[in-house]
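What follows is the content of work-v2.txt (compact mmCIF, C-alpha atoms and all ligand atoms).
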# COMPACT_ATOMS: atom_id res chain seq x y z
CA MET Y 567 -11.52 25.09 -49.85
CA THR Y 568 -13.74 26.62 -47.19
CA GLY Y 569 -12.20 27.37 -43.85
CA PRO Y 570 -10.99 30.28 -41.80
CA VAL Y 571 -8.96 33.02 -43.43
CA PHE Y 572 -5.44 32.83 -42.02
CA ARG Y 573 -2.84 34.38 -44.27
CA THR Y 574 0.64 35.85 -44.01
CA PRO Y 575 3.02 37.02 -46.76
CA LEU Y 576 4.28 33.42 -46.96
CA CYS Y 577 0.98 32.44 -48.62
CA GLU Y 578 1.68 34.84 -51.49
CA MET Y 579 5.30 33.74 -51.81
CA LEU Y 580 4.47 30.03 -52.02
CA ASN Y 581 1.00 30.31 -53.58
CA ILE Y 582 -0.63 28.47 -50.67
CA GLU Y 583 -3.67 29.17 -48.53
CA TYR Y 584 -2.23 28.73 -45.02
CA PRO Y 585 1.31 29.56 -43.82
CA ILE Y 586 2.03 26.03 -42.63
CA LEU Y 587 4.54 23.63 -44.18
CA LEU Y 588 5.18 19.97 -43.66
CA ALA Y 589 8.84 19.73 -42.62
CA GLY Y 590 10.93 17.83 -45.16
CA MET Y 591 11.95 14.76 -43.18
CA GLY Y 592 14.41 12.39 -44.80
CA SER Y 593 13.77 8.96 -43.41
CA ARG Y 594 14.08 6.46 -46.30
CA GLY Y 595 10.95 8.06 -47.74
CA LEU Y 596 8.84 6.93 -44.79
CA ALA Y 597 8.43 10.16 -42.81
CA THR Y 598 7.08 12.23 -45.73
CA PRO Y 599 5.50 9.74 -48.16
CA PRO Y 600 3.49 10.98 -51.17
CA ALA Y 601 0.16 10.55 -49.36
CA LEU Y 602 1.26 12.87 -46.54
CA VAL Y 603 2.91 15.48 -48.76
CA ALA Y 604 -0.21 15.62 -50.96
CA ALA Y 605 -2.57 15.73 -47.95
CA VAL Y 606 -0.81 18.77 -46.47
CA SER Y 607 -0.78 20.59 -49.82
CA ASP Y 608 -4.42 19.70 -50.45
CA ALA Y 609 -5.34 21.02 -47.01
CA GLY Y 610 -3.94 24.44 -47.99
CA GLY Y 611 -0.40 24.19 -46.60
CA MET Y 612 2.71 23.04 -48.43
CA GLY Y 613 3.77 19.41 -48.39
CA VAL Y 614 7.52 18.88 -48.57
CA VAL Y 615 9.24 15.65 -49.64
CA GLY Y 616 12.19 14.75 -47.42
CA GLY Y 617 14.58 13.69 -50.16
CA SER Y 618 17.70 13.15 -48.10
CA GLY Y 619 19.07 9.62 -48.35
CA LEU Y 620 16.90 8.68 -51.33
CA THR Y 621 18.63 7.68 -54.54
CA PRO Y 622 17.87 10.00 -57.47
CA ASP Y 623 15.46 7.40 -58.92
CA GLU Y 624 13.67 6.97 -55.60
CA LEU Y 625 13.37 10.73 -55.25
CA ARG Y 626 11.93 11.09 -58.75
CA ASN Y 627 9.47 8.35 -57.98
CA GLN Y 628 8.35 10.01 -54.72
CA ILE Y 629 7.78 13.32 -56.51
CA ARG Y 630 5.84 11.67 -59.34
CA GLU Y 631 3.71 9.62 -56.92
CA THR Y 632 2.93 12.84 -55.03
CA ARG Y 633 2.03 14.57 -58.29
CA LYS Y 634 -0.52 11.83 -59.02
CA LEU Y 635 -2.29 12.83 -55.81
CA THR Y 636 -2.20 16.64 -55.91
CA ASP Y 637 -1.65 19.51 -58.32
CA LYS Y 638 -1.01 21.98 -55.47
CA PRO Y 639 2.47 23.44 -54.83
CA ILE Y 640 4.97 21.07 -53.20
CA GLY Y 641 8.57 21.32 -52.03
CA VAL Y 642 11.57 19.03 -51.68
CA ASP Y 643 14.15 19.17 -48.87
CA LEU Y 644 17.70 17.84 -49.13
CA ILE Y 645 20.40 17.82 -46.49
CA LEU Y 646 23.58 19.39 -47.86
CA PRO Y 647 25.93 18.74 -44.91
CA ALA Y 648 28.40 21.51 -44.22
CA LYS Y 649 31.02 19.16 -42.90
CA VAL Y 650 31.86 15.49 -42.90
CA ALA Y 651 34.92 13.83 -41.38
CA GLY Y 652 37.99 14.34 -43.55
CA GLY Y 653 39.33 11.27 -45.29
CA ALA Y 654 36.08 9.33 -45.15
CA GLY Y 655 35.50 6.91 -48.01
CA ASN Y 656 33.10 7.59 -50.82
CA THR Y 657 30.99 4.48 -50.66
CA ARG Y 658 29.32 2.51 -47.89
CA SER Y 659 31.72 -0.41 -48.47
CA GLU Y 660 34.75 1.88 -48.23
CA VAL Y 661 33.54 3.45 -44.99
CA ARG Y 662 32.76 -0.01 -43.56
CA ALA Y 663 36.33 -1.11 -44.32
CA GLN Y 664 37.68 2.07 -42.66
CA LEU Y 665 35.52 1.40 -39.60
CA LYS Y 666 36.98 -2.09 -39.22
CA ALA Y 667 40.54 -0.83 -39.63
CA ASP Y 668 40.42 2.42 -37.65
CA PHE Y 669 37.58 2.06 -35.13
CA PRO Y 670 37.55 -1.60 -34.04
CA LYS Y 671 36.20 -0.73 -30.56
CA HIS Y 672 33.15 0.99 -32.08
CA VAL Y 673 32.54 -1.92 -34.44
CA ALA Y 674 32.84 -4.38 -31.51
CA PHE Y 675 30.48 -2.25 -29.38
CA VAL Y 676 27.79 -2.34 -32.06
CA GLU Y 677 28.33 -6.08 -32.64
CA ASP Y 678 27.80 -6.57 -28.88
CA LEU Y 679 24.65 -4.46 -28.98
CA MET Y 680 23.33 -6.62 -31.80
CA THR Y 681 24.05 -9.81 -29.86
CA GLN Y 682 22.39 -8.39 -26.73
CA HIS Y 683 19.25 -7.61 -28.72
CA GLY Y 684 19.32 -10.88 -30.66
CA LEU Y 685 19.83 -9.18 -34.03
CA GLU Y 686 21.43 -10.70 -37.12
CA GLN Y 687 23.72 -8.74 -39.42
CA VAL Y 688 21.89 -7.47 -42.54
CA GLU Y 689 24.18 -5.68 -44.94
CA LEU Y 690 22.69 -2.76 -46.83
CA ASP Y 691 23.57 -2.66 -50.51
CA ASN Y 692 22.91 1.05 -50.98
CA GLU Y 693 26.37 2.56 -51.55
CA PHE Y 694 25.28 6.16 -50.92
CA VAL Y 695 27.26 7.67 -48.02
CA VAL Y 696 26.47 11.32 -47.49
CA ALA Y 697 26.18 14.35 -49.70
CA ASN Y 698 28.62 17.19 -49.33
CA THR Y 699 28.99 19.87 -51.93
CA SER Y 700 29.91 22.71 -49.66
CA GLY Y 701 33.55 22.80 -50.77
CA ASP Y 702 35.01 25.79 -48.97
CA ARG Y 703 32.99 25.28 -45.80
CA GLY Y 704 33.44 21.55 -45.30
CA GLU Y 705 35.93 18.94 -46.34
CA THR Y 706 36.33 18.28 -50.02
CA PRO Y 707 33.55 15.95 -51.05
CA GLY Y 708 34.31 12.65 -52.69
CA SER Y 709 33.16 12.11 -56.24
CA ASN Y 710 30.40 9.66 -55.33
CA GLN Y 711 28.99 12.10 -52.77
CA LYS Y 712 29.13 14.98 -55.21
CA ASN Y 713 27.55 13.00 -57.99
CA MET Y 714 24.74 11.79 -55.82
CA ILE Y 715 23.68 15.19 -54.53
CA GLN Y 716 23.98 16.74 -57.96
CA GLN Y 717 21.80 14.02 -59.41
CA GLN Y 718 19.23 14.59 -56.65
CA VAL Y 719 19.20 18.31 -57.41
CA ASP Y 720 18.89 17.60 -61.15
CA VAL Y 721 15.81 15.48 -60.43
CA ILE Y 722 14.23 18.29 -58.41
CA MET Y 723 14.87 20.76 -61.23
CA GLU Y 724 13.41 18.40 -63.84
CA GLU Y 725 10.23 17.56 -61.93
CA ASP Y 726 7.16 19.64 -61.05
CA VAL Y 727 8.41 21.13 -57.76
CA GLN Y 728 7.80 24.68 -56.52
CA MET Y 729 10.14 24.95 -53.52
CA PHE Y 730 13.61 23.67 -52.62
CA ALA Y 731 14.75 23.56 -49.00
CA ALA Y 732 18.36 23.04 -47.92
CA GLY Y 733 18.50 21.18 -44.62
CA LEU Y 734 22.09 22.05 -43.76
CA GLY Y 735 25.08 23.36 -45.64
CA ASP Y 736 25.51 25.82 -48.46
CA PRO Y 737 22.78 25.98 -51.11
CA SER Y 738 24.39 28.81 -53.14
CA TRP Y 739 25.11 26.53 -56.11
CA VAL Y 740 21.44 25.45 -56.25
CA VAL Y 741 19.99 28.99 -56.12
CA PRO Y 742 20.66 29.99 -59.78
CA MET Y 743 19.10 26.74 -61.06
CA ALA Y 744 16.09 27.23 -58.81
CA ARG Y 745 15.65 30.84 -59.95
CA GLU Y 746 15.55 29.69 -63.54
CA LYS Y 747 12.68 27.36 -62.63
CA SER Y 748 10.88 30.08 -60.57
CA MET Y 749 11.37 27.88 -57.54
CA THR Y 750 11.48 29.38 -54.04
CA VAL Y 751 14.57 28.43 -52.01
CA MET Y 752 14.49 27.98 -48.25
CA GLY Y 753 17.42 27.28 -45.93
CA LEU Y 754 17.28 25.75 -42.44
CA VAL Y 755 19.41 27.24 -39.67
CA GLY Y 756 19.84 26.85 -35.93
CA SER Y 757 21.70 30.10 -35.22
CA PRO Y 758 21.70 33.76 -36.28
CA ARG Y 759 25.22 33.29 -37.69
CA ASN Y 760 24.15 30.53 -40.04
CA ALA Y 761 21.05 32.53 -40.94
CA LYS Y 762 23.29 35.26 -42.34
CA ARG Y 763 25.25 32.65 -44.30
CA GLN Y 764 22.04 31.33 -45.82
CA VAL Y 765 21.09 34.83 -46.91
CA GLU Y 766 24.54 35.27 -48.47
CA ALA Y 767 23.93 31.97 -50.28
CA GLY Y 768 20.81 33.57 -51.78
CA VAL Y 769 17.88 31.80 -50.10
CA ASP Y 770 14.48 33.50 -50.31
CA ILE Y 771 13.26 32.37 -46.90
CA VAL Y 772 15.16 31.32 -43.77
CA VAL Y 773 13.75 28.52 -41.59
CA ALA Y 774 14.85 29.01 -37.97
CA GLN Y 775 14.86 25.62 -36.28
CA GLY Y 776 15.09 25.58 -32.49
CA TYR Y 777 16.66 23.16 -30.01
CA GLU Y 778 13.29 21.55 -29.24
CA ALA Y 779 12.95 20.24 -32.81
CA GLY Y 780 13.10 16.62 -33.89
CA GLY Y 781 16.03 15.36 -35.97
CA HIS Y 782 19.34 17.20 -36.36
CA THR Y 783 19.22 20.28 -34.25
CA GLY Y 784 21.33 23.10 -32.83
CA LYS Y 785 21.70 24.46 -29.32
CA ILE Y 786 19.43 27.50 -29.27
CA ALA Y 787 15.77 27.23 -28.25
CA ASN Y 788 13.10 28.95 -30.29
CA PHE Y 789 12.18 31.79 -27.90
CA PRO Y 790 15.65 33.34 -28.20
CA LEU Y 791 16.37 31.95 -31.70
CA ILE Y 792 13.47 33.19 -33.80
CA PRO Y 793 13.65 36.92 -32.93
CA GLN Y 794 17.45 36.87 -33.34
CA VAL Y 795 17.17 35.26 -36.77
CA VAL Y 796 14.37 37.67 -37.74
CA ASP Y 797 16.63 40.61 -36.81
CA ALA Y 798 19.71 39.08 -38.44
CA VAL Y 799 18.12 38.54 -41.85
CA ALA Y 800 15.51 41.34 -42.06
CA PRO Y 801 13.82 42.09 -44.41
CA ARG Y 802 14.25 38.46 -45.54
CA PRO Y 803 11.29 36.45 -44.18
CA VAL Y 804 11.65 33.76 -41.54
CA VAL Y 805 9.63 30.59 -40.94
CA ALA Y 806 9.79 28.92 -37.52
CA ALA Y 807 10.48 25.21 -36.92
CA GLY Y 808 10.66 23.11 -33.79
CA GLY Y 809 8.12 22.28 -31.12
CA ILE Y 810 5.10 23.52 -33.08
CA ALA Y 811 2.27 21.01 -32.70
CA ASP Y 812 -0.83 23.12 -32.23
CA GLY Y 813 -2.26 26.51 -33.15
CA ARG Y 814 -0.77 28.16 -30.07
CA GLY Y 815 2.69 27.26 -31.32
CA VAL Y 816 1.90 28.72 -34.74
CA ALA Y 817 0.59 31.94 -33.12
CA ALA Y 818 3.68 32.16 -30.89
CA ALA Y 819 5.96 31.78 -33.91
CA LEU Y 820 4.14 34.65 -35.64
CA SER Y 821 4.44 36.78 -32.48
CA LEU Y 822 8.20 36.21 -32.47
CA GLY Y 823 8.37 37.60 -36.00
CA ALA Y 824 8.07 34.52 -38.21
CA ILE Y 825 5.62 34.42 -41.13
CA GLY Y 826 4.89 30.72 -41.00
CA ALA Y 827 5.51 27.36 -39.39
CA TRP Y 828 7.52 24.31 -40.56
CA VAL Y 829 6.04 21.34 -38.74
CA GLY Y 830 7.66 17.91 -38.41
CA THR Y 831 6.87 15.78 -35.37
CA ALA Y 832 3.14 16.63 -35.34
CA PHE Y 833 2.82 15.14 -38.85
CA LEU Y 834 4.82 12.03 -37.94
CA VAL Y 835 1.70 10.93 -36.07
CA SER Y 836 -0.59 11.46 -39.05
CA LYS Y 837 -2.35 8.43 -40.53
CA GLU Y 838 -0.60 9.06 -43.87
CA CYS Y 839 2.90 9.09 -42.39
CA ALA Y 840 4.63 5.78 -43.12
CA ILE Y 841 6.98 5.52 -40.14
CA HIS Y 842 6.39 2.33 -38.15
CA ASP Y 843 3.44 2.20 -35.75
CA THR Y 844 5.87 1.46 -32.90
CA HIS Y 845 7.50 4.83 -33.55
CA LYS Y 846 4.15 6.63 -33.76
CA ARG Y 847 3.24 5.06 -30.39
CA GLN Y 848 6.55 6.23 -28.86
CA ILE Y 849 5.58 9.77 -29.88
CA VAL Y 850 1.92 9.58 -28.85
CA ASP Y 851 2.67 7.88 -25.51
CA GLY Y 852 5.93 9.71 -24.82
CA GLU Y 853 6.54 12.91 -22.90
CA SER Y 854 8.71 15.79 -24.09
CA ARG Y 855 11.53 14.60 -21.82
CA ASP Y 856 11.69 11.23 -23.60
CA PHE Y 857 13.09 12.91 -26.74
CA GLU Y 858 16.74 13.69 -26.15
CA ILE Y 859 19.68 14.95 -28.14
CA SER Y 860 22.18 12.24 -29.00
CA ARG Y 861 24.89 11.57 -31.58
CA THR Y 862 24.03 7.85 -31.48
CA TYR Y 863 22.59 7.34 -34.93
CA THR Y 864 24.31 9.80 -37.27
CA GLY Y 865 27.32 11.24 -35.43
CA LYS Y 866 25.67 14.67 -35.46
CA THR Y 867 23.48 15.92 -32.63
CA ALA Y 868 19.92 14.86 -33.31
CA ARG Y 869 16.83 14.74 -31.11
CA MET Y 870 15.24 11.30 -30.93
CA PHE Y 871 13.34 8.93 -28.69
CA ARG Y 872 15.61 7.74 -25.87
CA ASN Y 873 15.58 3.97 -26.37
CA GLU Y 874 17.90 1.31 -24.91
CA VAL Y 875 20.45 1.81 -27.67
CA VAL Y 876 20.67 5.57 -27.09
CA GLU Y 877 21.10 4.81 -23.38
CA ALA Y 878 23.83 2.23 -24.08
CA TRP Y 879 25.82 4.77 -26.12
CA THR Y 880 25.34 7.40 -23.40
CA GLU Y 881 26.69 5.03 -20.76
CA ALA Y 882 29.54 3.65 -22.91
CA ASP Y 883 33.13 4.80 -22.58
CA LEU Y 884 33.05 5.42 -26.28
CA ASP Y 885 32.14 8.68 -27.99
CA PRO Y 886 30.02 8.30 -31.12
CA LEU Y 887 32.10 8.79 -34.27
CA PRO Y 888 31.78 11.80 -36.59
CA MET Y 889 29.61 11.78 -39.71
CA PRO Y 890 29.63 9.64 -41.84
CA PHE Y 891 31.26 6.87 -39.74
CA GLN Y 892 28.62 6.69 -37.02
CA LYS Y 893 25.81 6.81 -39.58
CA ILE Y 894 27.22 3.92 -41.61
CA LEU Y 895 27.86 1.92 -38.42
CA MET Y 896 24.34 2.48 -37.09
CA ASP Y 897 22.61 2.12 -40.48
CA ASP Y 898 23.62 -1.54 -40.26
CA PHE Y 899 22.25 -1.79 -36.72
CA ASN Y 900 18.96 -0.16 -37.80
CA ALA Y 901 18.69 -2.48 -40.80
CA ALA Y 902 19.15 -5.48 -38.50
CA ALA Y 903 16.52 -4.11 -36.08
CA ARG Y 904 14.05 -3.62 -38.96
CA ALA Y 905 14.69 -7.12 -40.32
CA ALA Y 906 13.98 -8.59 -36.88
CA GLY Y 907 10.88 -6.42 -36.36
CA ARG Y 908 12.57 -4.84 -33.31
CA LEU Y 909 11.50 -1.27 -34.03
CA GLU Y 910 11.75 -0.30 -30.36
CA VAL Y 911 15.56 -0.29 -30.64
CA HIS Y 912 15.57 1.34 -34.10
CA SER Y 913 16.25 5.10 -34.16
CA ASN Y 914 13.15 7.30 -33.98
CA PRO Y 915 14.01 10.96 -34.53
CA ALA Y 916 11.25 13.25 -33.21
CA GLY Y 917 10.98 16.39 -31.12
CA GLN Y 918 9.81 17.66 -27.76
CA ALA Y 919 6.43 18.43 -29.36
CA ALA Y 920 5.69 14.74 -28.70
CA GLY Y 921 4.43 15.79 -25.27
CA LEU Y 922 1.59 17.69 -26.97
CA LEU Y 923 0.54 14.81 -29.22
CA ASN Y 924 -1.93 12.22 -28.02
CA GLU Y 925 -3.34 10.45 -31.06
CA VAL Y 926 -2.74 9.39 -34.65
CA ARG Y 927 -5.04 11.40 -36.96
CA PRO Y 928 -5.48 12.20 -40.66
CA ALA Y 929 -3.12 14.96 -41.83
CA ALA Y 930 -6.10 17.08 -42.92
CA ASP Y 931 -7.38 17.10 -39.32
CA ILE Y 932 -3.95 18.09 -38.02
CA MET Y 933 -3.80 20.93 -40.57
CA GLN Y 934 -7.32 22.07 -39.73
CA ASP Y 935 -6.50 22.21 -36.00
CA LEU Y 936 -3.24 24.08 -36.59
CA VAL Y 937 -5.12 26.70 -38.62
CA ALA Y 938 -8.21 27.00 -36.41
CA GLY Y 939 -6.05 26.89 -33.29
CA ALA Y 940 -3.78 29.66 -34.57
CA VAL Y 941 -6.75 31.89 -35.36
CA GLU Y 942 -8.23 31.19 -31.92
CA ALA Y 943 -4.92 31.80 -30.13
CA LEU Y 944 -4.34 35.09 -31.93
CA GLU Y 945 -7.88 36.27 -31.10
CA SER Y 946 -7.63 35.05 -27.53
CA VAL Y 947 -4.43 37.03 -26.95
CA GLN Y 948 -6.22 40.16 -28.09
CA GLY Y 949 -9.05 39.35 -25.66
CA ARG Y 950 -6.67 38.92 -22.74
CA VAL Y 951 -4.44 41.89 -23.30
CA THR Y 952 -5.16 45.57 -22.91
CA THR Y 953 -2.88 47.90 -24.79
CA SER Y 954 -3.00 51.56 -25.61
C1 LIG D 1001 12.28 12.03 -38.61
C2 LIG D 1001 12.88 13.38 -38.94
C3 LIG D 1001 13.67 13.50 -40.07
C4 LIG D 1001 14.18 14.75 -40.42
N1 LIG D 1001 14.92 14.86 -41.56
C5 LIG D 1001 15.28 16.08 -42.00
C6 LIG D 1001 15.89 16.23 -43.28
O1 LIG D 1001 16.15 15.26 -43.99
N2 LIG D 1001 16.18 17.49 -43.70
C7 LIG D 1001 15.89 18.59 -42.92
O2 LIG D 1001 16.12 19.71 -43.37
N3 LIG D 1001 15.34 18.47 -41.70
C8 LIG D 1001 15.01 17.25 -41.24
N4 LIG D 1001 14.39 17.14 -40.03
C9 LIG D 1001 14.04 18.36 -39.28
C10 LIG D 1001 12.70 18.89 -39.78
O3 LIG D 1001 12.83 19.43 -41.08
C11 LIG D 1001 12.12 20.00 -38.88
O4 LIG D 1001 13.00 21.09 -38.81
C12 LIG D 1001 11.78 19.54 -37.48
O5 LIG D 1001 11.07 18.33 -37.52
C13 LIG D 1001 10.92 20.61 -36.81
O6 LIG D 1001 10.73 20.32 -35.47
P1 LIG D 1001 9.46 19.49 -34.90
O7 LIG D 1001 9.79 18.07 -35.20
O8 LIG D 1001 9.47 19.81 -33.47
O9 LIG D 1001 8.23 19.95 -35.64
C14 LIG D 1001 13.91 15.90 -39.62
C15 LIG D 1001 13.12 15.76 -38.47
C16 LIG D 1001 12.61 14.51 -38.14
C17 LIG D 1001 11.73 14.42 -36.91
Go ahead and express the file in the form of structure tokens.
Amino acid sequence: MTGPVFRTPLCEMLNIEYPILLAGMGSRGLATPPALVAAVSDAGGMGVVGGSGLTPDELRNQIRETRKLTDKPIGVDLILPAKVAGGAGNTRSEVRAQLKADFPKHVAFVEDLMTQHGLEQVELDNEFVVANTSGDRGETPGSNQKNMIQQQVDVIMEEDVQMFAAGLGDPSWVVPMAREKSMTVMGLVGSPRNAKRQVEAGVDIVVAQGYEAGGHTGKIANFPLIPQVVDAVAPRPVVAAGGIADGRGVAAALSLGAIGAWVGTAFLVSKECAIHDTHKRQIVDGESRDFEISRTYTGKTARMFRNEVVEAWTEADLDPLPMPFQKILMDDFNAAARAAGRLEVHSNPAGQAAGLLNEVRPAADIMQDLVAGAVEALESVQGRVTTS
């Protein structure tokens, strides 16, 4: 590959050319499909499969399809939630029955929403609820949840994967298996406190994800977050996530002490990304302010496009339910919206970086601009600043 030289210690650690990673985005396999993961790795960064929510077979298939396209290093990200509501059922059917019995107002509210938008009920047959293996930190996981996440991890260990990233929760039980496979382990955090926990769990690299990020996010913005996490975990390296959509963002992350960037929203508007065109348009046409934090779709705070459904929940006298109840409730709504081709009311998690994004482009072009832009920004700072 010929291009500018732009290296940090992350390149050595992950055996990549540029310190830029595709964020693992779990979205039924659509946000980080094999073509996108491979394109980012082929362009010198690291592509990461968002494995969360995929069945073990689907995950294996995604990894193998990616491997047909590239022999460069790739990663897989899984969400290991730290906490789910106590007493929640183990399967989708069980949680649905609990919803009807215990939260009839919420069920009625969503039924009303479906009627208002002319949607028909489509029941999902996937029984997977949510993974939780954290034991001492969360509620005791049910057997189905535990089995599912363990099977996903087994798949990652069996396949040709070089990096494992834990989206949330405690990855300590995965670390020894990953070490055996010479796999690097990364852990996402939104606070200095959780960064320390991730280090205790044994991760090699901490990903500090700021408030501006798309998807599940914490309360601290990147300017205060990154330096605090860098200080909290030193000498453990930190990668920055959230709001990075051009080379200036990458350069800023490095200035705050990070050694690389974990980029989500900017790659959602790549040609290779398989999210629906309606959702790409919401990102390309939208402003930063259109992407708000809401508990509408999963029960946990997540940044997403503010559509009519998010607004309806905000205005309702009803608080969204905790994970996994809200997720199971709204999975059915999303399925109905997809079946009716009404993607404008379907959830679209993405970050404030949307305001910087104006077109859908090949992932290789996005990578090239991130790299060239970072080099230019770093040189331009030196040109503008006098120090002695
Ligand atoms: C559609 C979407 C799905 C996501 N899913 C996951 C996930 O499954 N696991 C995870 O660790 N992070 C997930 N995230 C967060 C990303 O890994 C990343 O931290 C975030 O996108 C970075 O912020 P940015 O979108 O501003 O680049 C998701 C983000 C988005 C936008």
For this session: Go through the chains and note each residue within 8 Å of ligand LIG 1001 (chain D), using only C-alpha atoms and all ligand atoms, then give the set as a VMD selection string.
Result: chain Y and resid 589 to 593 597 616 to 619 643 to 645 731 to 734 754 773 775 to 776 778 to 783 807 to 811 828 to 834 869 to 870 914 to 920
Mind writing the picked residues with C-alpha atoms as a PDB file, keeping the file's coordinate frame?
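result-v6.pdb was written with the following content:
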ATOM      1  CA  ALA Y 589       8.840  19.730 -42.620  1.00  0.00           C
ATOM      2  CA  GLY Y 590      10.930  17.830 -45.160  1.00  0.00           C
ATOM      3  CA  MET Y 591      11.950  14.760 -43.180  1.00  0.00           C
ATOM      4  CA  GLY Y 592      14.410  12.390 -44.800  1.00  0.00           C
ATOM      5  CA  SER Y 593      13.770   8.960 -43.410  1.00  0.00           C
ATOM      6  CA  ALA Y 597       8.430  10.160 -42.810  1.00  0.00           C
ATOM      7  CA  GLY Y 616      12.190  14.750 -47.420  1.00  0.00           C
ATOM      8  CA  GLY Y 617      14.580  13.690 -50.160  1.00  0.00           C
ATOM      9  CA  SER Y 618      17.700  13.150 -48.100  1.00  0.00           C
ATOM     10  CA  GLY Y 619      19.070   9.620 -48.350  1.00  0.00           C
ATOM     11  CA  ASP Y 643      14.150  19.170 -48.870  1.00  0.00           C
ATOM     12  CA  LEU Y 644      17.700  17.840 -49.130  1.00  0.00           C
ATOM     13  CA  ILE Y 645      20.400  17.820 -46.490  1.00  0.00           C
ATOM     14  CA  ALA Y 731      14.750  23.560 -49.000  1.00  0.00           C
ATOM     15  CA  ALA Y 732      18.360  23.040 -47.920  1.00  0.00           C
ATOM     16  CA  GLY Y 733      18.500  21.180 -44.620  1.00  0.00           C
ATOM     17  CA  LEU Y 734      22.090  22.050 -43.760  1.00  0.00           C
ATOM     18  CA  LEU Y 754      17.280  25.750 -42.440  1.00  0.00           C
ATOM     19  CA  VAL Y 773      13.750  28.520 -41.590  1.00  0.00           C
ATOM     20  CA  GLN Y 775      14.860  25.620 -36.280  1.00  0.00           C
ATOM     21  CA  GLY Y 776      15.090  25.580 -32.490  1.00  0.00           C
ATOM     22  CA  GLU Y 778      13.290  21.550 -29.240  1.00  0.00           C
ATOM     23  CA  ALA Y 779      12.950  20.240 -32.810  1.00  0.00           C
ATOM     24  CA  GLY Y 780      13.100  16.620 -33.890  1.00  0.00           C
ATOM     25  CA  GLY Y 781      16.030  15.360 -35.970  1.00  0.00           C
ATOM     26  CA  HIS Y 782      19.340  17.200 -36.360  1.00  0.00           C
ATOM     27  CA  THR Y 783      19.220  20.280 -34.250  1.00  0.00           C
ATOM     28  CA  ALA Y 807      10.480  25.210 -36.920  1.00  0.00           C
ATOM     29  CA  GLY Y 808      10.660  23.110 -33.790  1.00  0.00           C
ATOM     30  CA  GLY Y 809       8.120  22.280 -31.120  1.00  0.00           C
ATOM     31  CA  ILE Y 810       5.100  23.520 -33.080  1.00  0.00           C
ATOM     32  CA  ALA Y 811       2.270  21.010 -32.700  1.00  0.00           C
ATOM     33  CA  TRP Y 828       7.520  24.310 -40.560  1.00  0.00           C
ATOM     34  CA  VAL Y 829       6.040  21.340 -38.740  1.00  0.00           C
ATOM     35  CA  GLY Y 830       7.660  17.910 -38.410  1.00  0.00           C
ATOM     36  CA  THR Y 831       6.870  15.780 -35.370  1.00  0.00           C
ATOM     37  CA  ALA Y 832       3.140  16.630 -35.340  1.00  0.00           C
ATOM     38  CA  PHE Y 833       2.820  15.140 -38.850  1.00  0.00           C
ATOM     39  CA  LEU Y 834       4.820  12.030 -37.940  1.00  0.00           C
ATOM     40  CA  ARG Y 869      16.830  14.740 -31.110  1.00  0.00           C
ATOM     41  CA  MET Y 870      15.240  11.300 -30.930  1.00  0.00           C
ATOM     42  CA  ASN Y 914      13.150   7.300 -33.980  1.00  0.00           C
ATOM     43  CA  PRO Y 915      14.010  10.960 -34.530  1.00  0.00           C
ATOM     44  CA  ALA Y 916      11.250  13.250 -33.210  1.00  0.00           C
ATOM     45  CA  GLY Y 917      10.980  16.390 -31.120  1.00  0.00           C
ATOM     46  CA  GLN Y 918       9.810  17.660 -27.760  1.00  0.00           C
ATOM     47  CA  ALA Y 919       6.430  18.430 -29.360  1.00  0.00           C
ATOM     48  CA  ALA Y 920       5.690  14.740 -28.700  1.00  0.00           C
TER      49      ALA Y 920
END
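If you measure from each of Y:Glu942, Y:Glu746, Y:Asp623, Y:Asp726 to Y:Ala818 using all atoms listed in the file, the closest one turns out to be Y:Glu942.
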For this session: Measuring atom to atom with only C-alpha atoms, identify which of Y:Asn760, Y:Thr880, Y:Gln794, Y:Thr598 is nearest to Y:Val835.
Result: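 Of Y:Asn760, Y:Thr880, Y:Gln794, Y:Thr598, the one nearest Y:Val835 is Y:Thr598, counting only C-alpha atoms.
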Exercise. Can you tell me how far atom CA of Y:Thr867 sits from atom CA of Y:Ala674, in Å to one decimal?
Worked result: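 Going from atom CA of Y:Thr867 over to atom CA of Y:Ala674 covers 22.4 Å.
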Problem set entry | Top pick for closest residue to Y:Thr862, considering Y:Ala878, Y:Ala787, Y:Ile825, Y:Val615 and counting all atoms listed in the file | Y:Ala878
For this session: Measure the distance from atom CA of Y:Val721 to atom CA of Y:Gly784 in Å and round it to one decimal.
Result: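 One can read the atom CA of Y:Val721 to atom CA of Y:Gly784 distance as 29.2 Å.
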Problem set entry | Distance in Å - atom CA of Y:Leu602 versus atom CA of Y:Asp720 |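 Between atom CA of Y:Leu602 and atom CA of Y:Asp720 the gap works out to 23.4 Å.
Of the listed residues Y:Ala903, Y:Ala824, Y:Ala817, Y:Ala868, the one whose atoms come nearest to Y:Leu944 is Y:Ala817, with distances taken using only C-alpha atoms.
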Kindly compute an axis-aligned box around the listed atoms of stretch 627-643 of chain Y, allowing 6 Å on each side, and express its centre and edge lengths in Å to one decimal as JSON.
{"center_x": 5.9, "center_y": 15.9, "center_z": -54.1, "size_x": 28.4, "size_y": 27.1, "size_z": 22.5}
Exercise. What lies within 12 Å of Y:Arg759 using all atoms listed in the file, ignoring chain neighbours under 3 positions off, as a PyMOL selection string?
Worked result: chain Y and resi 754-756+762-766+772+774+784+786+791+794-799
Problem set entry | Pick from Y:Glu945, Y:Asp843, Y:Glu677, Y:Asp885 nearest to Y:Phe572, counting only C-alpha atoms | Y:Glu945
